[in-house]
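Note sheet for the following structure.
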Amino acid sequence: MHINYANPMKKKIKFPNPLPAGQRCFLTLSLVFAMTIAAQTENKLATFDPMDVFELEWATDPRVSPDGDTIVYVRKSNDIMKDRERSNLWQITIDKQDHRPLYSGIKSARSPRWSPDGTKLAFISNDTGSQQIHVRWMDNGETAVITQLQNSPSNLTWSPDGKWLAFTMNVQASFEPIAKSRAKPEGAEWAKKPITVTSTQYQYDGRGIVEPAFRHVFIVPADGGSARQLTGGNFNHYGSLTWSPESDRIYFSANRSEDWELVSDEADIYSVTVSSKKIEQITNESGAERSPVISPNGELIAFSKEERRPLAYTPNRISVMSLNGSNIRLLTQDLDGDANNVIWADDSKSLYYTYDERGIRKIGQVSIKGKINQVTDGLGGTTLGRPYLSGSFHANNKTIAFTYGQADRPANIAVFNEDKLKILTSLNEDLLGHKTLGEVNEIIYKSSFDEQEIQGWYITPPDFDPSKKYPLILEIHGGPHLAYGPHFSAELQIMAAAGYVVFYNNYRGSLSYGEDFALLLQYKYSSKEDFADHMSGIDSLIDLGFIDEENLFIAGGSAGGIATAYAVGLTDRFNAAVAAKPVINWLSKPLTADSMVGQIYHQFPGPPWEHVEHYWKRSPLSLMGNVTTPTMLITGENDRRTPISETEQFYQALRLRGVDSAMVRLPDTSHGIASRPSRLISKVDHILAWFERYKTDKDKQ
């Protein structure tokens, strides 16, 4: 007897004769059922695997050609052999007909910038072994290295006449040692020379202790030649550059006051004449005026304005003024939050910018008379690890290109043209199109502290069944004045694939909910207030019926690590905790970190020696006597933002308390502990392995 079963496996079943009809029927039904299950299993999509991190690609820094028809963008990926992020340049036309590599290889390229006439493209690449400026002729693809710089350039900007490229670059400062070195005998092996520090800002996370250097403005001929330094003095000239319409002057932002090292959020707009190097101060306002951009008609300068005040958050506003600094007008006073990344519209009558609203990054437009409207949303997908707000855009000739992120995909390139949205790329369909990802769901609830509304999200495991109970991980974002959203997150998808519901929220203090909400944590971080925001969210999820409240876990990095350390001093509801790069003692942290000046001014009522009780109350160490939760710590040994000495204090206190604990130290790693692909994977591997140790009743999961 032959039975053909129509199933995806296309198998044929054959029974031997003779066999009683009843047995044949029973065996037939049994085998059909078994094959149905096997077919379903065989066709079940795989879940997101940690090693998939090396296969992901994402788009950044789109640049629209002057005619509005072509976008050049940076296409990023992870090199599994080098364990590094790689950046190549690709181009795509807005009709999607021409998508191809522009400058691709094992080296990296960044900062593509079209020439004003669209015939050339300048960019920065390490193709020659160091970061140098390149120019590519777009008609024939010929590319030239036009600089031989000693340090890495940034803020690359064409002059309107297309003859020059401006950029900024560090220049080593002269240094006079306190004591001259003695001459050693020939062939002698003496100790390394001492490092003498006399500057206030002497360390930077990711760079360590640095030799004195200052960032200056340079120009170089667009067809190659010697770079020429335009600014001088022991000051830093950071941020974007903009040229005068006549290509004879460059505008920039800097704090050129003598006490600049001790002042936070103070900067003015300056100009420098290319021929004479004469510097003129354009603004003289209290606070920071940054990122000047001259209008296409050459009549106005738009810039970012931040008021100087001793608060943890102050919004960036868009202002405009005449070229000489007169007639300053604030345009976005009606926007309750930041307006960043300003780009003029072609007609010089309005400006585009990005702003964040309820966990979503959007593009807005404001007229020079102050009328505001939304253009589009959906920016994101450029922070691969965790679901932070991210994304950038560029506009030219009525075409707006931006990085388009989704909950289940990293950034693609999209365009907004003639009021229509078109997604141009699909960089990860070859990988994620064949994966079952965790589903991102929104949850809105009230905090038990004061009934404040809190927005959050939770990711359910692949093949989620709401009738079952799942362990929960609370993952807390950093900042604290940053924000998460419904965006792709490799780290949280790995956790969901391991069978956890992953919950994250924008607790009080998070951005994208207005100034008042952001300042709810002024002088209070960490506190019982943000702790209540987290716990109320967990209770709301438990009420939905699919959370195993006997298996609750907590994790967070940086400010999220602080919140984790604080939480385990207030509750024993969590089975285990992982605090990544936390601050445990606010009395010691500000005076050991690279953020000393700004943090003390903005987040505390004064220096620690004048407010000991306040600093101590905010320190997780003050709650150490309550901690019983098994806690693991993860920190880079070269971290200068939340120094590893903070982690060591916490770890040793945990050991003295007899609490199950572990300290994971990452060599040659600074604050960005997931900045290398293998580190991202290892971080999540450690978190999940630690939590698995402390799961209860594993068999019921």
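Quick note on naming: the chains in the structure tokens go A, B, ... in the order shown, residues restart at 1 in each chain, and ligands are numbered from 1 in order of appearance.
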
- All residues 7 Å or closer to region 266-272 of chain A, only C-alpha atoms, same chain fewer than 6 positions away omitted, as a ChimeraX atom specification: /A:249-255,278-284,286-290,308

- Message: I need the residues of region 246-319 of chain A that end up classed as strand (DSSP E) by DSSP on the backbone, written out as number ranges by chain.
- Response: A: 249-254, 268-273, 279-281, 288-294, 300-306, 316-319

For the selection just defined, write its residues with N, CA, C and O atoms to a file, as a CSV table (one decimal), in the first residue's frame.
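As written to disk, again_20.csv reads:
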```csv
chain,number,residue,atom,x,y,z
A,249,ARG,N,35.7,83.0,4.5
A,249,ARG,CA,35.6,83.1,5.9
A,249,ARG,C,35.0,81.8,6.4
A,249,ARG,O,34.1,81.2,5.7
A,250,ILE,N,35.4,81.3,7.6
A,250,ILE,CA,34.8,80.0,8.1
A,250,ILE,C,34.3,80.4,9.5
A,250,ILE,O,35.0,81.0,10.3
A,251,TYR,N,33.1,79.9,9.8
A,251,TYR,CA,32.4,80.1,11.1
A,251,TYR,C,32.5,78.8,11.9
A,251,TYR,O,32.3,77.7,11.3
A,252,PHE,N,32.7,79.0,13.2
A,252,PHE,CA,32.8,77.8,14.1
A,252,PHE,C,32.4,78.2,15.5
A,252,PHE,O,32.2,79.4,15.8
A,253,SER,N,32.4,77.2,16.4
A,253,SER,CA,32.1,77.5,17.8
A,253,SER,C,33.3,77.1,18.7
A,253,SER,O,34.0,76.1,18.4
A,254,ALA,N,33.5,77.9,19.7
A,254,ALA,CA,34.5,77.6,20.7
A,254,ALA,C,34.3,78.4,21.9
A,254,ALA,O,33.6,79.3,22.0
A,268,ASP,N,30.8,80.3,22.1
A,268,ASP,CA,30.4,81.3,21.3
A,268,ASP,C,30.7,81.0,19.8
A,268,ASP,O,31.5,80.2,19.5
A,269,ILE,N,30.0,81.7,18.9
A,269,ILE,CA,30.3,81.6,17.5
A,269,ILE,C,31.4,82.6,17.1
A,269,ILE,O,31.3,83.7,17.5
A,270,TYR,N,32.4,82.1,16.4
A,270,TYR,CA,33.5,82.9,15.9
A,270,TYR,C,33.6,82.7,14.4
A,270,TYR,O,33.0,81.8,13.8
A,271,SER,N,34.3,83.6,13.7
A,271,SER,CA,34.7,83.5,12.3
A,271,SER,C,36.2,83.7,12.2
A,271,SER,O,36.8,84.4,13.0
A,272,VAL,N,36.8,83.0,11.2
A,272,VAL,CA,38.2,83.2,10.9
A,272,VAL,C,38.4,83.5,9.4
A,272,VAL,O,37.8,82.8,8.6
A,273,THR,N,39.1,84.6,9.1
A,273,THR,CA,39.3,84.9,7.7
A,273,THR,C,40.4,84.0,7.1
A,273,THR,O,41.5,83.9,7.7
A,279,ILE,N,40.6,86.3,13.7
A,279,ILE,CA,39.5,85.7,14.3
A,279,ILE,C,38.6,86.8,14.9
A,279,ILE,O,39.1,87.7,15.5
A,280,GLU,N,37.3,86.7,14.6
A,280,GLU,CA,36.3,87.7,15.1
A,280,GLU,C,35.2,86.9,15.9
A,280,GLU,O,34.8,85.9,15.5
A,281,GLN,N,34.9,87.5,17.1
A,281,GLN,CA,33.8,86.9,17.9
A,281,GLN,C,32.5,87.4,17.4
A,281,GLN,O,32.2,88.6,17.3
A,288,ALA,N,25.8,78.3,25.6
A,288,ALA,CA,26.6,77.7,24.5
A,288,ALA,C,25.8,78.0,23.1
A,288,ALA,O,24.7,77.5,23.0
A,289,GLU,N,26.5,78.6,22.2
A,289,GLU,CA,26.1,78.8,20.8
A,289,GLU,C,27.0,77.9,20.0
A,289,GLU,O,28.2,78.1,20.0
A,290,ARG,N,26.4,76.9,19.3
A,290,ARG,CA,27.1,75.9,18.6
A,290,ARG,C,26.6,75.6,17.2
A,290,ARG,O,25.5,76.1,16.9
A,291,SER,N,27.3,74.9,16.4
A,291,SER,CA,26.9,74.3,15.2
A,291,SER,C,26.3,75.4,14.2
A,291,SER,O,25.2,75.3,13.8
A,292,PRO,N,27.1,76.4,13.9
A,292,PRO,CA,26.6,77.4,12.9
A,292,PRO,C,26.4,76.9,11.5
A,292,PRO,O,27.2,76.0,11.1
A,293,VAL,N,25.3,77.3,10.9
A,293,VAL,CA,25.0,76.9,9.5
A,293,VAL,C,24.5,78.1,8.7
A,293,VAL,O,23.5,78.7,9.1
A,294,ILE,N,25.2,78.5,7.7
A,294,ILE,CA,24.8,79.7,6.9
A,294,ILE,C,23.7,79.3,5.9
A,294,ILE,O,23.8,78.3,5.2
A,300,LEU,N,21.7,84.6,6.6
A,300,LEU,CA,21.5,84.3,8.0
A,300,LEU,C,22.4,83.1,8.4
A,300,LEU,O,22.8,82.3,7.6
A,301,ILE,N,22.6,83.1,9.7
A,301,ILE,CA,23.3,82.0,10.3
A,301,ILE,C,22.3,81.3,11.3
A,301,ILE,O,21.8,82.0,12.2
A,302,ALA,N,22.1,80.1,11.1
A,302,ALA,CA,21.3,79.3,12.1
A,302,ALA,C,22.3,78.6,13.1
A,302,ALA,O,23.4,78.2,12.6
A,303,PHE,N,21.9,78.5,14.3
A,303,PHE,CA,22.9,77.8,15.3
A,303,PHE,C,22.0,77.2,16.4
A,303,PHE,O,20.9,77.5,16.6
A,304,SER,N,22.7,76.4,17.2
A,304,SER,CA,22.1,75.7,18.3
A,304,SER,C,22.4,76.6,19.6
A,304,SER,O,23.6,77.0,19.8
A,305,LYS,N,21.4,76.8,20.4
A,305,LYS,CA,21.6,77.7,21.5
A,305,LYS,C,21.2,76.9,22.8
A,305,LYS,O,20.0,76.4,22.9
A,306,GLU,N,22.1,76.8,23.7
A,306,GLU,CA,21.8,76.1,25.0
A,306,GLU,C,22.1,77.1,26.2
A,306,GLU,O,23.2,77.6,26.3
A,316,ASN,N,18.4,72.1,23.7
A,316,ASN,CA,19.0,72.9,22.7
A,316,ASN,C,17.9,73.5,21.8
A,316,ASN,O,17.0,72.8,21.4
A,317,ARG,N,18.0,74.8,21.6
A,317,ARG,CA,17.1,75.5,20.8
A,317,ARG,C,17.7,76.0,19.5
A,317,ARG,O,18.9,76.3,19.4
A,318,ILE,N,16.9,76.2,18.4
A,318,ILE,CA,17.4,76.7,17.2
A,318,ILE,C,17.2,78.2,17.2
A,318,ILE,O,16.1,78.7,17.5
A,319,SER,N,18.3,79.0,16.9
A,319,SER,CA,18.2,80.4,16.7
A,319,SER,C,18.8,80.8,15.4
A,319,SER,O,19.6,80.0,14.7
```

- Message: Which residues are close to Pro466 (chain A), i.e. within 9 Å by only C-alpha atoms, leaving aside same-chain residues fewer than 2 positions away? Reply as a PyMOL selection string.
- Response: chain A and resi 464+468-469+544-546

- Query: Suppose you want the space between CA of Ile494 (chain A) and CA of Ile360 (chain A); what is it in Å?
  - Reply: 22.6 Å

- Message: Give me, as a VMD selection string, all polymer residues having an atom no more than 8 Å from Thr592 (chain A), counting only C-alpha atoms and skipping those fewer than 4 positions away in the same chain.
- Response: chain A and resid 588 596 640 643

- Message: Quick one: residues within 6 Å of region 444-452 of chain A, only C-alpha atoms, excluding same-chain residues fewer than 4 positions away - as a list in words?
- Response: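 Using only C-alpha atoms, the neighbours found are Ala532, Asp533 and Ser536 of chain A.
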
- Message: I'd like the neighbourhood of Pro50 (chain A) as a ChimeraX atom specification, where a residue qualifies if any of its atoms comes within 9 Å (using only C-alpha atoms), though same-chain residues fewer than 2 positions away should be ignored.
- Response: /A:48,52-54,490-491,493-494,680-682,684-685

- Query: Which residue out of A:Leu587, A:Val568, A:Leu311, A:Val664 has the minimum interatomic distance to Arg679 (chain A) when only C-alpha atoms are used?
  - Reply: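 Of the candidates, the smallest distance to Arg679 (chain A) is held by A:Val664.
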
- Compare A:Glu299, A:Glu418, A:Glu549, A:Asp127 by their minimum atom-to-atom distance to Ile400 (chain A), counting only C-alpha atoms, and give me the closest one.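 Counting only C-alpha atoms, the residue closest to Ile400 (chain A) is A:Glu418.
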
- Surrounding residues of region 106-109 of chain A excluding itself and chain neighbours under 5 positions, 9 Å, only C-alpha atoms, as a PyMOL selection string: chain A and resi 74+79+85-89+123-129+131

Export C-alpha atoms of the chosen residues as a compact mmCIF listing (two decimals), in the first residue's frame?
```
# COMPACT_ATOMS: atom_id res chain seq x y z
CA VAL A 74 28.12 54.80 5.25
CA ASP A 79 34.50 42.10 10.88
CA GLU A 85 33.38 47.65 13.13
CA ARG A 86 33.99 48.31 9.45
CA SER A 87 32.59 51.24 7.43
CA ASN A 88 32.32 51.38 3.64
CA LEU A 89 30.71 53.92 1.32
CA PHE A 123 35.61 61.51 2.61
CA ILE A 124 37.97 60.28 5.30
CA SER A 125 39.56 56.83 5.18
CA ASN A 126 42.35 54.84 6.81
CA ASP A 127 43.11 53.10 3.51
CA THR A 128 46.72 54.34 3.60
CA GLY A 129 47.27 53.28 7.20
CA GLN A 131 43.09 58.73 8.72
```

- Selected residue of minimal separation from Ser226 (chain A) among A:Val263, A:Trp609, A:Asn638, A:Ile146, counting only C-alpha atoms: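 The answer is A:Ile146, which sits nearest to Ser226 (chain A).
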
- Using only C-alpha atoms: which of A:Gln132, A:Ser467, A:Thr436, A:Ser159 has the shortest distance to Leu45 (chain A):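 Between A:Gln132, A:Ser467, A:Thr436, A:Ser159, the residue approaching Leu45 (chain A) most closely is A:Thr436.
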
- Would you mind reading off the distance between CA of His481 (chain A) and CA of Gly606 (chain A), one decimal, in Å? 19.7 Å

- Item | alpha helix (DSSP H) positions in region 477-634 of chain A, given as a PyMOL selection string | chain A and resi 490-497+515-518+528-543+559-567+596-603+612-617

- Item | Residue nearest Thr403 (chain A) among A:Gly569, A:Pro630, A:Gly557, A:Gly378 (counting only C-alpha atoms) |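 Looking at the shortest contact to Thr403 (chain A), the residue is A:Gly378.
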
- Rounded to one decimal in Å, what is the spacing between CA of Asn626 (chain A) and CA of Val659 (chain A)?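 Rounded to one decimal, the two atoms are 10.5 Å apart.
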
- Item | Using only C-alpha atoms: which of A:Ala662, A:Leu591, A:Ile562, A:Val440 has the shortest distance to Arg618 (chain A) |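 Comparing A:Ala662, A:Leu591, A:Ile562, A:Val440 against Arg618 (chain A), the winner is A:Ile562.
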